[in-house]
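Q: First the structure, which I've put down as structure tokens, then a few questions once you've had a look.
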Amino acid sequence: MKDCLFCKIAAGEMETDFVYQDEKVVAFKDLNPQAPVHLLIVPKKHISDLNNLKSEDSELVGHIYQVAKKMAAKFEIADSGYRLVSNCGDDGGQTVYHIHFHLLGGRKLQWPPG
Ligand code: 5GP
Ligand code: ZN
């Protein structure tokens, strides 16, 4: 989608260092990390937010969870623990309206989040 930051990043138009990529998703480090490990896992397909996820996207979301598991192992937080989170809408703290999943770890995370 034109003028979508994560579409541009996923298309390789922003000189991003991908820590993972395949035909469906990319993963890269968050610009403003909130934990020692803070990755964003982003589908190449433009879906603005969770409200706009279709049933046909279920396989894609399952794939994202598999990629998250792989990245947790790669960044050595699989054993200590981590969080996979997708913010939706204003109250959820979403700022980029292209669905994405934060993988956070490397420190003790608070629950519930603020
Ligand atoms: P949200 O607030 O929508 O859940 O998450 C958006 C995330 O994208 C934020 O954590 C923010 O730091 C990150 N972000 C925004 N712009 C960029 C960028 O250009 N590059 C990278 N790597 N991360 C970005
Ligand atoms: Zn997009």
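Naming scheme: A, B, ... for chains in displayed order of the structure tokens; residues 1 onward per chain; ligands 1 onward as shown.
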Can I get the residues of chain A within 10 Å of ligand 2, each with the closest pair of atoms and their distance in Å to one decimal, using only C-alpha atoms and all ligand atoms, sorted chain first then ascending number, as CSV?

A:
```
residue,atom,partner,partner_atom_place_in_ligand_line,distance
A:Met1,CA,ligand 2,1 (Zn),5.3
A:Lys2,CA,ligand 2,1 (Zn),7.7
A:Asp3,CA,ligand 2,1 (Zn),7.9
A:Cys4,CA,ligand 2,1 (Zn),4.5
A:Leu5,CA,ligand 2,1 (Zn),6.4
A:Phe6,CA,ligand 2,1 (Zn),5.1
A:Cys7,CA,ligand 2,1 (Zn),3.9
A:Lys8,CA,ligand 2,1 (Zn),7.3
A:Ile9,CA,ligand 2,1 (Zn),8.9
A:Ala10,CA,ligand 2,1 (Zn),8.3
A:Ala11,CA,ligand 2,1 (Zn),9.7
A:Val42,CA,ligand 2,1 (Zn),9.2
A:Pro43,CA,ligand 2,1 (Zn),8.7
A:Lys44,CA,ligand 2,1 (Zn),7.6
A:Lys45,CA,ligand 2,1 (Zn),6.9
A:His46,CA,ligand 2,1 (Zn),4.1
A:Ile47,CA,ligand 2,1 (Zn),6.5
A:Ser48,CA,ligand 2,1 (Zn),6.6
A:Asp49,CA,ligand 2,1 (Zn),9.8
A:Val96,CA,ligand 2,1 (Zn),8.7
A:Tyr97,CA,ligand 2,1 (Zn),7.1
A:His98,CA,ligand 2,1 (Zn),4.6
A:Ile99,CA,ligand 2,1 (Zn),7.7
A:His100,CA,ligand 2,1 (Zn),9.8
```

Q: Ligand 1: which residues are within 6 Å, counting only C-alpha atoms and all ligand atoms, as a PyMOL selection string?

A: chain A and resi 29-32+87+93-96

Q: Nearest to A:Asn52: which of A:Tyr82, A:Cys88, A:Gln34, A:Ile64 is it, counting only C-alpha atoms?

A: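 That would be A:Cys88, the residue with the smallest distance to A:Asn52.
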
Q: One number please: atom CA of A:Asp91 to atom CA of A:Ile77, in Å, one decimal.

A: 28.3 Å

Q: Which residues are near A:Phe28? Cut-off 7 Å, only C-alpha atoms, ignore same chain within fewer than 4 positions. Put them as number ranges by chain.

A: A: 17-19, 39-41

Q: What does the file look like for those residues with N, CA and C atoms, as a PDB file, in the first residue's frame?

A:
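Listing of part-v2.pdb after writing:
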```
ATOM      1  N   ASP A  17      17.971  -3.551   7.998  1.00  0.00           N
ATOM      2  CA  ASP A  17      18.677  -4.815   8.242  1.00  0.00           C
ATOM      3  C   ASP A  17      17.671  -5.835   8.743  1.00  0.00           C
ATOM      4  N   PHE A  18      17.294  -6.773   7.896  1.00  0.00           N
ATOM      5  CA  PHE A  18      16.353  -7.803   8.321  1.00  0.00           C
ATOM      6  C   PHE A  18      17.089  -8.861   9.130  1.00  0.00           C
ATOM      7  N   VAL A  19      16.511  -9.231  10.251  1.00  0.00           N
ATOM      8  CA  VAL A  19      17.079 -10.352  11.010  1.00  0.00           C
ATOM      9  C   VAL A  19      16.467 -11.662  10.518  1.00  0.00           C
ATOM     10  N   LEU A  39      12.173  -6.999  18.594  1.00  0.00           N
ATOM     11  CA  LEU A  39      12.039  -7.170  17.145  1.00  0.00           C
ATOM     12  C   LEU A  39      10.607  -6.894  16.733  1.00  0.00           C
ATOM     13  N   LEU A  40      10.432  -6.515  15.488  1.00  0.00           N
ATOM     14  CA  LEU A  40       9.109  -6.404  14.890  1.00  0.00           C
ATOM     15  C   LEU A  40       8.995  -7.461  13.810  1.00  0.00           C
ATOM     16  N   ILE A  41       7.936  -8.234  13.876  1.00  0.00           N
ATOM     17  CA  ILE A  41       7.665  -9.248  12.844  1.00  0.00           C
ATOM     18  C   ILE A  41       6.473  -8.734  12.052  1.00  0.00           C
TER      19      ILE A  41
END
```

Q: Using only C-alpha atoms, which of the listed residues (A:Met14, A:Ala68, A:Leu109, A:Val61) sits closest to A:Ser80?

A: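 Of A:Met14, A:Ala68, A:Leu109, A:Val61, the one nearest A:Ser80 is A:Leu109, counting only C-alpha atoms.
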
Q: DSSP says helix (DSSP H, G or I) for which residues of stretch 34-87 of chain A? Put them as a PyMOL selection string?

A: chain A and resi 50-52+55-74

Q: Please dump the current selection as a short mmCIF file (atom, residue, chain, number, x, y, z; two decimals), in the first residue's frame; keep C-alpha atoms.

A:
```
data_model
loop_
_atom_site.label_atom_id
_atom_site.label_comp_id
_atom_site.auth_asym_id
_atom_site.auth_seq_id
_atom_site.Cartn_x
_atom_site.Cartn_y
_atom_site.Cartn_z
CA LEU A 50 -6.25 -6.78 14.05
CA ASN A 51 -9.79 -5.54 13.33
CA ASN A 52 -9.10 -6.04 9.64
CA SER A 55 -10.15 -15.68 8.39
CA GLU A 56 -8.00 -16.34 5.31
CA ASP A 57 -5.09 -14.69 7.21
CA SER A 58 -5.10 -17.37 9.91
CA GLU A 59 -2.27 -19.34 8.31
CA LEU A 60 -0.20 -16.16 8.07
CA VAL A 61 -0.67 -15.44 11.78
CA GLY A 62 0.27 -19.03 12.61
CA HIS A 63 3.39 -18.59 10.49
CA ILE A 64 4.26 -15.38 12.39
CA TYR A 65 4.14 -17.35 15.66
CA GLN A 66 6.53 -19.91 14.18
CA VAL A 67 8.89 -17.12 13.10
CA ALA A 68 8.66 -15.59 16.60
CA LYS A 69 9.68 -18.92 18.11
CA LYS A 70 12.66 -19.12 15.73
CA MET A 71 13.73 -15.56 16.52
CA ALA A 72 13.46 -16.19 20.26
CA ALA A 73 15.89 -19.08 19.83
CA LYS A 74 18.18 -17.06 17.53
#
```

Q: Separation of atom CA of A:Pro113 and atom CA of A:Arg83, in Å?

A: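 We find that atom CA of A:Pro113 and atom CA of A:Arg83 lie 11.2 Å from each other.
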
Q: Please compute the atom CA of A:His38-atom CA of A:Phe101 distance, one decimal, in Å.

A: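 So the two atoms, atom CA of A:His38 and atom CA of A:Phe101, lie 10.1 Å apart.
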
Q: Would you mind writing down, as a list of chain:residue names, each residue of chain A that DSSP on the backbone assigns to strand (DSSP E or B)?

A: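 Everything in chain A that counts as strand (DSSP E or B) is A:Phe18, A:Val19, A:Tyr20, A:Gln21, A:Val25, A:Val26, A:Ala27, A:Phe28, A:Lys29, A:Val37, A:His38, A:Leu39, A:Leu40, A:Ile41, A:Val42, A:Pro43, A:Tyr82, A:Arg83, A:Leu84, A:Val85, A:Phe101, A:His102, A:Leu103, A:Leu104, A:Gly105.
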
Q: Save the residues we just selected, N, CA and C atoms, as a PDB file, in the first residue's frame?

A:
```pdb
ATOM      1  N   PHE A  18      17.294  -6.773   7.896  1.00  0.00           N
ATOM      2  CA  PHE A  18      16.353  -7.803   8.321  1.00  0.00           C
ATOM      3  C   PHE A  18      17.089  -8.861   9.130  1.00  0.00           C
ATOM      4  N   VAL A  19      16.511  -9.231  10.251  1.00  0.00           N
ATOM      5  CA  VAL A  19      17.079 -10.352  11.010  1.00  0.00           C
ATOM      6  C   VAL A  19      16.467 -11.662  10.518  1.00  0.00           C
ATOM      7  N   TYR A  20      15.378 -11.547   9.767  1.00  0.00           N
ATOM      8  CA  TYR A  20      14.718 -12.707   9.163  1.00  0.00           C
ATOM      9  C   TYR A  20      13.859 -12.213   8.012  1.00  0.00           C
ATOM     10  N   GLN A  21      13.790 -12.991   6.938  1.00  0.00           N
ATOM     11  CA  GLN A  21      12.807 -12.706   5.892  1.00  0.00           C
ATOM     12  C   GLN A  21      12.491 -13.979   5.133  1.00  0.00           C
ATOM     13  N   VAL A  25       6.891 -12.855   5.399  1.00  0.00           N
ATOM     14  CA  VAL A  25       7.159 -11.901   6.486  1.00  0.00           C
ATOM     15  C   VAL A  25       8.599 -11.390   6.482  1.00  0.00           C
ATOM     16  N   VAL A  26       8.781 -10.259   7.169  1.00  0.00           N
ATOM     17  CA  VAL A  26      10.135  -9.787   7.494  1.00  0.00           C
ATOM     18  C   VAL A  26      10.187  -9.534   9.005  1.00  0.00           C
ATOM     19  N   ALA A  27      11.390  -9.560   9.552  1.00  0.00           N
ATOM     20  CA  ALA A  27      11.590  -9.200  10.952  1.00  0.00           C
ATOM     21  C   ALA A  27      12.826  -8.317  11.035  1.00  0.00           C
ATOM     22  N   PHE A  28      12.726  -7.298  11.886  1.00  0.00           N
ATOM     23  CA  PHE A  28      13.832  -6.346  12.026  1.00  0.00           C
ATOM     24  C   PHE A  28      13.770  -5.727  13.415  1.00  0.00           C
ATOM     25  N   LYS A  29      14.871  -5.072  13.817  1.00  0.00           N
ATOM     26  CA  LYS A  29      14.935  -4.482  15.165  1.00  0.00           C
ATOM     27  C   LYS A  29      14.097  -3.216  15.227  1.00  0.00           C
ATOM     28  N   VAL A  37      16.102  -7.251  23.697  1.00  0.00           N
ATOM     29  CA  VAL A  37      15.673  -7.798  22.399  1.00  0.00           C
ATOM     30  C   VAL A  37      14.292  -7.214  22.108  1.00  0.00           C
ATOM     31  N   HIS A  38      14.181  -6.489  21.027  1.00  0.00           N
ATOM     32  CA  HIS A  38      12.880  -5.932  20.619  1.00  0.00           C
ATOM     33  C   HIS A  38      12.829  -5.964  19.094  1.00  0.00           C
ATOM     34  N   LEU A  39      12.173  -6.999  18.594  1.00  0.00           N
ATOM     35  CA  LEU A  39      12.039  -7.170  17.145  1.00  0.00           C
ATOM     36  C   LEU A  39      10.607  -6.894  16.733  1.00  0.00           C
ATOM     37  N   LEU A  40      10.432  -6.515  15.488  1.00  0.00           N
ATOM     38  CA  LEU A  40       9.109  -6.404  14.890  1.00  0.00           C
ATOM     39  C   LEU A  40       8.995  -7.461  13.810  1.00  0.00           C
ATOM     40  N   ILE A  41       7.936  -8.234  13.876  1.00  0.00           N
ATOM     41  CA  ILE A  41       7.665  -9.248  12.844  1.00  0.00           C
ATOM     42  C   ILE A  41       6.473  -8.734  12.052  1.00  0.00           C
ATOM     43  N   VAL A  42       6.686  -8.541  10.769  1.00  0.00           N
ATOM     44  CA  VAL A  42       5.739  -7.798   9.931  1.00  0.00           C
ATOM     45  C   VAL A  42       5.389  -8.615   8.683  1.00  0.00           C
ATOM     46  N   PRO A  43       4.102  -8.867   8.446  1.00  0.00           N
ATOM     47  CA  PRO A  43       3.752  -9.552   7.201  1.00  0.00           C
ATOM     48  C   PRO A  43       3.961  -8.633   6.002  1.00  0.00           C
ATOM     49  N   TYR A  82       9.892 -14.494  27.018  1.00  0.00           N
ATOM     50  CA  TYR A  82       9.707 -13.345  26.125  1.00  0.00           C
ATOM     51  C   TYR A  82       8.224 -13.094  25.944  1.00  0.00           C
ATOM     52  N   ARG A  83       7.919 -12.025  25.234  1.00  0.00           N
ATOM     53  CA  ARG A  83       6.519 -11.663  24.983  1.00  0.00           C
ATOM     54  C   ARG A  83       6.344 -11.362  23.498  1.00  0.00           C
ATOM     55  N   LEU A  84       5.213 -11.837  22.952  1.00  0.00           N
ATOM     56  CA  LEU A  84       4.836 -11.524  21.573  1.00  0.00           C
ATOM     57  C   LEU A  84       3.534 -10.750  21.662  1.00  0.00           C
ATOM     58  N   VAL A  85       3.521  -9.516  21.167  1.00  0.00           N
ATOM     59  CA  VAL A  85       2.358  -8.668  21.358  1.00  0.00           C
ATOM     60  C   VAL A  85       2.044  -7.863  20.101  1.00  0.00           C
ATOM     61  N   PHE A 101       3.907  -7.593  14.988  1.00  0.00           N
ATOM     62  CA  PHE A 101       4.033  -8.281  16.274  1.00  0.00           C
ATOM     63  C   PHE A 101       5.374  -7.909  16.887  1.00  0.00           C
ATOM     64  N   HIS A 102       5.323  -7.405  18.122  1.00  0.00           N
ATOM     65  CA  HIS A 102       6.547  -7.080  18.861  1.00  0.00           C
ATOM     66  C   HIS A 102       7.027  -8.346  19.563  1.00  0.00           C
ATOM     67  N   LEU A 103       8.291  -8.685  19.389  1.00  0.00           N
ATOM     68  CA  LEU A 103       8.910  -9.757  20.165  1.00  0.00           C
ATOM     69  C   LEU A 103       9.877  -9.093  21.145  1.00  0.00           C
ATOM     70  N   LEU A 104       9.561  -9.216  22.432  1.00  0.00           N
ATOM     71  CA  LEU A 104      10.326  -8.516  23.473  1.00  0.00           C
ATOM     72  C   LEU A 104      10.915  -9.513  24.451  1.00  0.00           C
ATOM     73  N   GLY A 105      12.157  -9.291  24.829  1.00  0.00           N
ATOM     74  CA  GLY A 105      12.769 -10.169  25.815  1.00  0.00           C
ATOM     75  C   GLY A 105      14.140  -9.664  26.229  1.00  0.00           C
TER      76      GLY A 105
END
```
